[in-house]
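Here is my_file.csv, consisting of CSV, C-alpha atoms:
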chain,number,residue,atom,x,y,z
A,722,MET,CA,71.5,-33.6,10.7
A,723,SER,CA,73.4,-36.9,10.1
A,724,ALA,CA,72.6,-39.3,7.3
A,725,GLY,CA,70.7,-42.5,7.9
A,726,LEU,CA,67.3,-43.2,9.3
A,727,ALA,CA,65.7,-40.7,11.8
A,728,PHE,CA,62.5,-41.0,13.8
A,729,THR,CA,61.0,-38.0,15.5
A,730,PHE,CA,58.2,-38.2,18.1
A,731,LEU,CA,56.0,-35.3,17.2
A,732,GLY,CA,53.1,-36.3,19.4
A,733,THR,CA,53.3,-39.2,22.0
A,734,GLY,CA,49.8,-38.7,23.4
A,735,ALA,CA,46.3,-40.1,23.1
A,736,PRO,CA,42.7,-38.8,23.0
A,737,PRO,CA,42.9,-37.2,26.5
A,738,VAL,CA,44.1,-33.6,26.4
A,739,SER,CA,47.7,-33.2,27.6
A,740,LEU,CA,49.9,-30.1,27.6
A,741,ARG,CA,53.0,-32.4,27.6
A,742,ARG,CA,51.9,-34.8,24.8
A,743,ALA,CA,50.3,-33.8,21.5
A,744,GLY,CA,48.2,-36.2,19.6
A,745,PRO,CA,49.8,-39.2,17.8
A,746,SER,CA,52.1,-38.1,15.0
A,747,HIS,CA,55.6,-39.1,14.0
A,748,LEU,CA,58.2,-38.0,11.4
A,749,VAL,CA,60.5,-40.4,9.6
A,750,GLU,CA,63.4,-39.2,7.5
A,751,ALA,CA,65.8,-41.1,5.2
A,752,GLY,CA,67.6,-40.2,1.9
A,753,GLY,CA,66.0,-36.8,1.8
A,754,CYS,CA,62.5,-38.2,2.1
A,755,LYS,CA,60.1,-37.1,4.8
A,756,LEU,CA,57.2,-39.3,5.9
A,757,LEU,CA,54.6,-38.2,8.4
A,758,ILE,CA,52.8,-41.0,10.3
A,759,ASP,CA,49.4,-39.8,11.5
A,760,CYS,CA,48.2,-36.2,12.1
A,761,GLY,CA,46.9,-35.9,15.6
A,762,SER,CA,46.1,-32.7,17.5
A,763,GLY,CA,49.0,-30.2,17.4
A,764,VAL,CA,50.9,-31.8,14.5
A,765,SER,CA,51.5,-28.6,12.6
A,766,GLN,CA,53.0,-26.9,15.7
A,767,ARG,CA,55.1,-29.9,16.6
A,768,LEU,CA,56.5,-30.0,13.1
A,769,VAL,CA,57.7,-26.4,13.4
A,770,ALA,CA,59.0,-27.0,16.9
A,771,SER,CA,61.1,-29.9,15.6
A,772,GLY,CA,62.6,-27.7,12.8
A,773,HIS,CA,60.4,-29.0,10.0
A,774,ARG,CA,57.4,-27.8,8.0
A,775,GLY,CA,54.3,-29.5,6.7
A,776,ALA,CA,55.2,-27.9,3.4
A,777,ASP,CA,58.1,-30.3,3.0
A,778,ILE,CA,56.3,-33.6,3.8
A,779,ASP,CA,56.5,-36.1,0.9
A,780,LEU,CA,53.8,-38.5,2.2
A,781,LEU,CA,51.3,-38.7,5.0
A,782,ILE,CA,50.2,-42.2,6.2
A,783,VAL,CA,47.3,-42.4,8.5
A,784,THR,CA,47.3,-45.8,10.2
A,785,HIS,CA,43.6,-46.2,11.2
A,786,GLU,CA,40.4,-44.3,11.7
A,787,HIS,CA,40.6,-43.0,15.2
A,788,SER,CA,40.1,-39.3,15.8
A,789,ASP,CA,43.3,-38.8,17.7
A,790,HIS,CA,45.3,-40.0,14.6
A,791,LEU,CA,43.7,-37.7,12.0
A,792,VAL,CA,41.9,-34.8,13.7
A,793,ASP,CA,44.3,-32.1,12.5
A,794,PHE,CA,44.4,-33.2,8.9
A,795,TYR,CA,42.9,-30.0,7.4
A,796,GLN,CA,44.8,-27.7,9.7
A,797,LEU,CA,48.0,-29.5,8.4
A,798,VAL,CA,46.9,-28.8,4.8
A,799,ILE,CA,46.2,-25.1,5.4
A,800,SER,CA,49.2,-24.4,7.6
A,801,SER,CA,51.5,-26.1,5.0
A,802,TRP,CA,50.1,-23.9,2.2
A,803,HIS,CA,50.8,-20.8,4.3
A,804,GLN,CA,54.4,-22.1,4.6
A,805,GLY,CA,54.6,-22.1,0.8
A,806,ARG,CA,53.7,-25.7,-0.1
A,807,ASN,CA,53.6,-25.8,-3.9
A,808,ARG,CA,52.7,-29.5,-4.6
A,809,PRO,CA,49.7,-31.7,-3.9
A,810,TRP,CA,49.6,-33.8,-0.7
A,811,ARG,CA,49.9,-37.5,-1.1
A,812,VAL,CA,47.8,-39.2,1.6
A,813,LEU,CA,47.6,-43.0,2.2
A,814,ALA,CA,45.1,-44.4,4.7
A,815,PRO,CA,42.8,-47.5,5.1
A,816,ALA,CA,39.4,-47.0,3.5
A,817,PRO,CA,37.5,-45.9,6.6
A,818,ALA,CA,40.1,-43.3,7.6
A,819,LEU,CA,40.4,-42.2,3.9
A,820,ALA,CA,36.6,-41.5,3.9
A,821,ASN,CA,37.0,-39.4,7.1
A,822,LEU,CA,39.9,-37.4,5.6
A,823,ARG,CA,37.9,-36.8,2.4
A,824,ASP,CA,35.0,-35.6,4.5
A,825,GLN,CA,37.2,-33.2,6.4
A,826,TYR,CA,38.6,-31.9,3.1
A,827,GLU,CA,35.2,-31.5,1.5
A,828,ALA,CA,33.7,-29.9,4.6
A,829,PHE,CA,36.0,-26.9,4.0
A,830,ALA,CA,35.6,-26.7,0.2
A,831,ARG,CA,33.8,-23.3,0.4
A,832,GLU,CA,36.3,-21.9,2.8
A,833,ARG,CA,39.1,-23.1,0.6
A,834,ARG,CA,37.7,-21.4,-2.5
A,835,LEU,CA,37.4,-18.1,-0.5
A,836,ARG,CA,41.0,-18.3,0.6
A,837,ILE,CA,42.3,-19.0,-2.9
A,838,ALA,CA,40.3,-16.2,-4.5
A,839,PHE,CA,40.9,-13.6,-1.8
A,840,GLU,CA,44.5,-14.2,-0.7
A,841,GLN,CA,45.9,-14.4,-4.2
A,842,ARG,CA,48.9,-16.5,-3.3
A,843,PRO,CA,51.2,-17.5,-6.1
A,844,ASP,CA,50.4,-21.2,-6.1
A,845,ALA,CA,47.3,-23.1,-4.9
A,846,SER,CA,48.5,-26.6,-5.7
A,847,GLY,CA,49.6,-27.1,-2.1
A,848,LEU,CA,45.9,-27.3,-1.2
A,849,ASP,CA,45.3,-30.2,-3.5
A,850,VAL,CA,45.2,-33.7,-2.1
A,851,VAL,CA,45.7,-37.1,-3.7
A,852,PHE,CA,44.0,-39.7,-1.6
A,853,GLU,CA,45.2,-43.4,-1.9
A,854,GLU,CA,44.0,-46.4,0.0
A,855,LEU,CA,46.6,-48.0,2.2
A,856,GLN,CA,46.9,-51.7,1.9
A,857,ALA,CA,49.3,-54.3,3.3
A,858,GLY,CA,52.6,-54.4,1.4
A,859,PRO,CA,55.3,-52.1,0.2
A,860,VAL,CA,54.5,-48.4,-0.3
A,861,ALA,CA,55.7,-47.2,-3.7
A,862,GLY,CA,57.1,-43.9,-4.8
A,863,LEU,CA,59.5,-43.0,-2.0
A,864,GLN,CA,63.2,-42.4,-2.6
A,865,GLY,CA,65.7,-43.5,0.0
A,866,LEU,CA,63.0,-44.8,2.4
A,867,SER,CA,61.5,-48.2,2.2
A,868,VAL,CA,58.0,-48.5,3.8
A,869,THR,CA,56.0,-51.6,4.2
A,870,ALA,CA,52.5,-51.7,5.8
A,871,PHE,CA,51.3,-54.7,7.7
A,872,LEU,CA,47.9,-55.4,9.2
A,873,VAL,CA,47.5,-55.3,13.0
A,874,ASP,CA,44.5,-56.0,15.2
A,875,HIS,CA,42.7,-52.9,16.6
A,876,LYS,CA,39.1,-54.2,16.3
A,877,PRO,CA,36.5,-52.9,16.2
A,878,VAL,CA,38.5,-50.3,14.3
A,879,GLU,CA,39.6,-52.1,11.1
A,880,PRO,CA,41.7,-52.2,9.1
A,881,ALA,CA,44.6,-50.8,11.1
A,882,PHE,CA,48.2,-50.9,10.2
A,883,GLY,CA,51.7,-51.1,11.6
A,884,LEU,CA,54.8,-50.0,9.5
A,885,THR,CA,58.3,-51.3,8.7
A,886,LEU,CA,60.7,-48.4,7.9
A,887,SER,CA,64.1,-48.9,6.4
A,888,ASP,CA,66.9,-47.0,4.7
A,889,GLY,CA,68.6,-50.2,3.6
A,890,THR,CA,70.9,-50.3,6.6
A,891,SER,CA,68.6,-49.8,9.6
A,892,ARG,CA,65.1,-51.0,10.3
A,893,ILE,CA,62.4,-49.5,12.5
A,894,VAL,CA,59.1,-51.3,13.2
A,895,PHE,CA,56.2,-49.0,14.2
A,896,SER,CA,53.4,-51.0,15.9
A,897,GLY,CA,50.5,-48.7,15.3
A,898,ASP,CA,47.5,-49.1,17.6
A,899,THR,CA,47.1,-52.8,18.2
A,900,ARG,CA,46.7,-55.9,20.4
A,901,LEU,CA,49.7,-58.3,20.2
A,902,THR,CA,49.5,-59.9,16.8
A,903,PRO,CA,51.5,-62.5,14.8
A,904,THR,CA,52.1,-59.9,12.1
A,905,LEU,CA,53.7,-57.5,14.6
A,906,GLU,CA,55.8,-60.2,16.1
A,907,GLN,CA,57.0,-61.3,12.7
A,908,ALA,CA,57.8,-57.7,11.7
A,909,ALA,CA,59.6,-56.9,14.9
A,910,GLU,CA,62.0,-59.9,14.7
A,911,ASN,CA,65.6,-58.6,15.0
A,912,CYS,CA,64.7,-55.0,14.2
A,913,ASP,CA,67.0,-52.2,15.1
A,914,LEU,CA,64.3,-50.2,16.8
A,915,LEU,CA,60.8,-51.2,17.9
A,916,VAL,CA,58.4,-48.2,18.4
A,917,SER,CA,55.4,-49.4,20.3
A,918,GLU,CA,52.2,-48.1,21.7
A,919,VAL,CA,51.3,-48.8,25.3
A,920,TYR,CA,48.3,-49.0,27.6
A,921,VAL,CA,49.3,-48.5,31.2
A,922,GLU,CA,46.5,-50.3,32.9
A,923,SER,CA,47.9,-49.7,36.4
A,924,GLN,CA,47.5,-46.0,35.9
A,925,MET,CA,44.0,-46.2,34.5
A,926,PRO,CA,41.7,-46.5,37.6
A,927,VAL,CA,38.0,-46.4,37.5
A,928,VAL,CA,36.8,-42.8,37.9
A,929,ALA,CA,33.1,-42.1,38.5
A,930,GLY,CA,31.6,-40.3,35.6
A,931,ILE,CA,34.7,-40.8,33.4
A,932,ARG,CA,35.5,-44.5,33.1
A,933,THR,CA,33.9,-47.7,34.5
A,934,ALA,CA,35.6,-51.0,35.0
A,935,ALA,CA,34.1,-52.0,31.7
A,936,THR,CA,35.7,-49.0,30.0
A,937,VAL,CA,39.1,-50.0,31.4
A,938,ALA,CA,38.8,-53.5,30.2
A,939,ALA,CA,37.5,-52.5,26.8
A,940,VAL,CA,40.4,-50.1,26.1
A,941,LYS,CA,42.9,-52.6,27.4
A,942,SER,CA,41.6,-55.2,25.1
A,943,TYR,CA,42.8,-53.5,21.9
A,944,HIS,CA,46.1,-52.1,23.1
A,945,MET,CA,49.2,-53.6,24.7
A,946,THR,CA,50.2,-53.4,28.3
A,947,PRO,CA,53.8,-52.7,29.4
A,948,GLN,CA,54.3,-56.4,30.2
A,949,VAL,CA,53.2,-57.4,26.7
A,950,VAL,CA,55.3,-54.7,25.0
A,951,GLY,CA,58.4,-55.6,27.0
A,952,ASP,CA,57.9,-59.3,26.3
A,953,LEU,CA,57.5,-58.6,22.6
A,954,ALA,CA,60.8,-56.6,22.5
A,955,ARG,CA,62.6,-59.4,24.4
A,956,ARG,CA,61.3,-62.3,22.3
A,957,SER,CA,61.8,-60.5,19.0
A,958,GLY,CA,65.4,-59.6,19.7
A,959,ALA,CA,64.7,-55.9,19.1
A,960,ARG,CA,68.0,-53.9,19.6
A,961,ALA,CA,66.1,-51.1,21.2
A,962,LEU,CA,62.5,-50.3,22.4
A,963,ALA,CA,60.8,-46.9,22.3
A,964,ILE,CA,57.4,-46.2,23.7
A,965,THR,CA,54.8,-43.8,22.2
A,966,HIS,CA,51.0,-43.3,22.2
A,967,ILE,CA,51.1,-43.4,26.0
A,968,VAL,CA,47.7,-44.1,27.5
A,969,PRO,CA,47.1,-42.3,29.7
A,970,PRO,CA,49.3,-39.3,28.6
A,971,GLY,CA,50.0,-38.3,32.2
A,972,ALA,CA,51.4,-41.8,33.1
A,973,ASP,CA,54.3,-41.8,35.5
A,974,THR,CA,57.1,-42.8,33.1
A,975,ALA,CA,59.4,-44.2,35.8
A,976,LEU,CA,56.7,-46.6,36.9
A,977,LEU,CA,56.0,-47.4,33.2
A,978,ALA,CA,59.7,-48.3,32.7
A,979,GLU,CA,59.6,-50.5,35.8
A,980,GLU,CA,56.7,-52.4,34.4
A,981,ILE,CA,58.4,-52.9,31.1
A,982,ARG,CA,61.6,-54.1,32.8
A,983,ALA,CA,59.5,-56.6,34.8
A,984,SER,CA,58.8,-58.4,31.6
A,985,GLY,CA,62.5,-59.4,31.4
A,986,TYR,CA,63.4,-57.0,28.6
A,987,ALA,CA,66.9,-55.7,29.4
A,988,GLY,CA,67.8,-53.8,26.2
A,989,PRO,CA,67.8,-50.0,25.6
A,990,LEU,CA,64.5,-48.5,26.7
A,991,ILE,CA,63.3,-45.1,25.6
A,992,ILE,CA,60.0,-43.6,26.9
A,993,GLY,CA,59.1,-41.2,24.1
A,994,GLU,CA,58.6,-37.5,24.7
A,995,ASP,CA,57.4,-35.0,22.1
A,996,LEU,CA,60.2,-33.6,19.9
A,997,MET,CA,62.6,-36.5,20.8
A,998,ARG,CA,64.6,-37.6,17.8
A,999,LEU,CA,66.3,-41.0,17.3
A,1000,GLU,CA,69.0,-41.5,14.7
A,1001,LEU,CA,70.1,-44.8,13.2
A,1002,PRO,CA,72.6,-46.4,12.7
A,1003,GLN,CA,74.4,-43.9,15.0
A,1004,ARG,CA,72.0,-44.9,17.8
A,1005,LEU,CA,71.7,-41.3,19.1
A,1006,LEU,CA,68.8,-39.7,21.0
A,1007,ARG,CA,68.5,-36.0,20.6
A,1008,TRP,CA,66.1,-34.1,22.9
A,1009,ASN,CA,66.0,-30.7,24.5
A,1010,GLY,CA,69.6,-29.9,23.7
A,1011,ALA,CA,70.9,-33.3,25.0
A,1012,THR,CA,72.5,-36.0,22.8
A,1013,ILE,CA,72.6,-39.5,24.3
A,1014,GLY,CA,73.8,-42.8,22.9
A,1015,PHE,CA,71.5,-45.8,23.3

Go ahead and express the file in the form of structure tokens.
Amino acid sequence: MSAGLAFTFLGTGAPPVSLRRAGPSHLVEAGGCKLLIDCGSGVSQRLVASGHRGADIDLLIVTHEHSDHLVDFYQLVISSWHQGRNRPWRVLAPAPALANLRDQYEAFARERRLRIAFEQRPDASGLDVVFEELQAGPVAGLQGLSVTAFLVDHKPVEPAFGLTLSDGTSRIVFSGDTRLTPTLEQAAENCDLLVSEVYVESQMPVVAGIRTAATVAAVKSYHMTPQVVGDLARRSGARALAITHIVPPGADTALLAEEIRASGYAGPLIIGEDLMRLELPQRLLRWNGATIGF
């Protein structure tokens, strides 16, 4: 793999089950450092499929307390230990999500003790976790990768964070789950790559017994529509726009791209797929054997 800043879509989905899109999770690499953003359903499998291992992750950041962003945390810990992880996990999350992660971890305390005693693996330190509260500002302790967290607006879930990621040459802005906010607009200004969530309202009809008109309106209210995302990318001067956390996961991506283009954004547009890898500053997209410049 080439040097620079790399961003891999591990899971581009949302709470609804999708065979195409695993739960929200993304891998960022720079300077030999590996950062995992969120740990949604299927993250351990997607890491392996992308050529990586949980055992090698330097830091996990969970952006907010929604189940689809943290549900596979304990599976990640256990599977990484089976891969030979021999150092404690470092986990950053806002206080409510941190409490959820701690509860997951403690819920399996008895099971963990049984594993350690019976399996007699050479090192149990990979099962240890250091929990730290994520707050707005720079994240310390990473070599070769600069990470800054900024508050976004995903109320009633709060706090929630977006992230700025840089190797000193290229800069990626990750929106997290959010409405359009001044903090995101400021972070995205002139970035090399904006990675944004999206809520495809046109493909979320009312369905009896599943979602009401009130449901559609409520979910829309704390996400961004294709028009909003495209307008943000255009106004911010982002050099490329990539879409993830696609709601609904089965959305027609061609129609989604049309809606984003209708905003007036004319730059490079990437609708994320699981296991897609973007490399900066080379501006290469690698997926399913293909390499494409963007």

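Going from CA of Arg932 in chain A over to CA of Val968 in chain A, you cover 13.4 Å.
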
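Across the structure, CA of Asp849 in chain A and CA of Ile778 in chain A are spaced 13.6 Å apart.
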
In file coordinates, which residues lie within 10 Å of (57.0, -43.9, 30.8) using all atoms listed in the file, given as a PDB file with C-alpha atoms, in the frame of the given file?
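Contents of the output file selection22.pdb:
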ATOM      1  CA  VAL A 919      51.300 -48.800  25.300  1.00  0.00           C
ATOM      2  CA  VAL A 921      49.300 -48.500  31.200  1.00  0.00           C
ATOM      3  CA  PRO A 947      53.800 -52.700  29.400  1.00  0.00           C
ATOM      4  CA  ALA A 963      60.800 -46.900  22.300  1.00  0.00           C
ATOM      5  CA  ILE A 964      57.400 -46.200  23.700  1.00  0.00           C
ATOM      6  CA  THR A 965      54.800 -43.800  22.200  1.00  0.00           C
ATOM      7  CA  ILE A 967      51.100 -43.400  26.000  1.00  0.00           C
ATOM      8  CA  VAL A 968      47.700 -44.100  27.500  1.00  0.00           C
ATOM      9  CA  PRO A 970      49.300 -39.300  28.600  1.00  0.00           C
ATOM     10  CA  GLY A 971      50.000 -38.300  32.200  1.00  0.00           C
ATOM     11  CA  ALA A 972      51.400 -41.800  33.100  1.00  0.00           C
ATOM     12  CA  ASP A 973      54.300 -41.800  35.500  1.00  0.00           C
ATOM     13  CA  THR A 974      57.100 -42.800  33.100  1.00  0.00           C
ATOM     14  CA  ALA A 975      59.400 -44.200  35.800  1.00  0.00           C
ATOM     15  CA  LEU A 976      56.700 -46.600  36.900  1.00  0.00           C
ATOM     16  CA  LEU A 977      56.000 -47.400  33.200  1.00  0.00           C
ATOM     17  CA  ALA A 978      59.700 -48.300  32.700  1.00  0.00           C
ATOM     18  CA  GLU A 979      59.600 -50.500  35.800  1.00  0.00           C
ATOM     19  CA  GLU A 980      56.700 -52.400  34.400  1.00  0.00           C
ATOM     20  CA  ILE A 981      58.400 -52.900  31.100  1.00  0.00           C
ATOM     21  CA  LEU A 990      64.500 -48.500  26.700  1.00  0.00           C
ATOM     22  CA  ILE A 991      63.300 -45.100  25.600  1.00  0.00           C
ATOM     23  CA  ILE A 992      60.000 -43.600  26.900  1.00  0.00           C
ATOM     24  CA  GLY A 993      59.100 -41.200  24.100  1.00  0.00           C
ATOM     25  CA  GLU A 994      58.600 -37.500  24.700  1.00  0.00           C
TER      26      GLU A 994
END

In file coordinates, which residues lie within 10 Å of (49.0, -57.2, 11.7) using all atoms listed in the file, given as number ranges by chain?
-> A: 857, 870-875, 880-884, 896-897, 899-908

Shell of 12 Å around Ile1013 in chain A, only C-alpha atoms, local chain residues under 5 positions omitted, as an MDAnalysis selection string = chainID A and resid 989 991 997:1000 1003:1008

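The two atoms in question, CA of Val940 in chain A and CA of Gly734 in chain A, are spaced 15.0 Å apart.
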
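Compared by their closest atoms to Val764 in chain A, and using all atoms listed in the file, the residues A:Glu832, A:Asp789, A:Glu853, A:Asp844 rank with A:Asp789 nearest.
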
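Of the listed residues A:Ala935, A:Val894, A:Leu731, A:Leu791, the one whose atoms come nearest to Ala954 in chain A is A:Val894, with distances taken using all atoms listed in the file.
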
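Ranking A:Pro1002, A:Gly761, A:Gly772, A:Pro809 by their shortest atom-to-atom distance to Phe794 in chain A, with only C-alpha atoms included, puts A:Gly761 first.
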
Tell me, as a VMD selection string, which residues lie within 12 Å of Ala820 in chain A, counting only C-alpha atoms; anything in the same chain fewer than 3 positions away does not count.
-> chain A and resid 783 785 to 786 791 812 to 817 823 to 828 852 to 854

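The nearest approach to Ser788 in chain A among the residues A:Ala818, A:Val860, A:Ala909, A:Ala987, with all atoms listed in the file taken into account, belongs to A:Ala818.
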
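Residue nearest Asp779 in chain A, chosen from A:Leu953, A:Leu797, A:Ala983, A:Leu757 and counting only C-alpha atoms: A:Leu757.
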
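Closest to Gly985 in chain A among A:Gly958, A:Gly744, A:Gly951, A:Gly1010 is A:Gly951, based on all atoms listed in the file.
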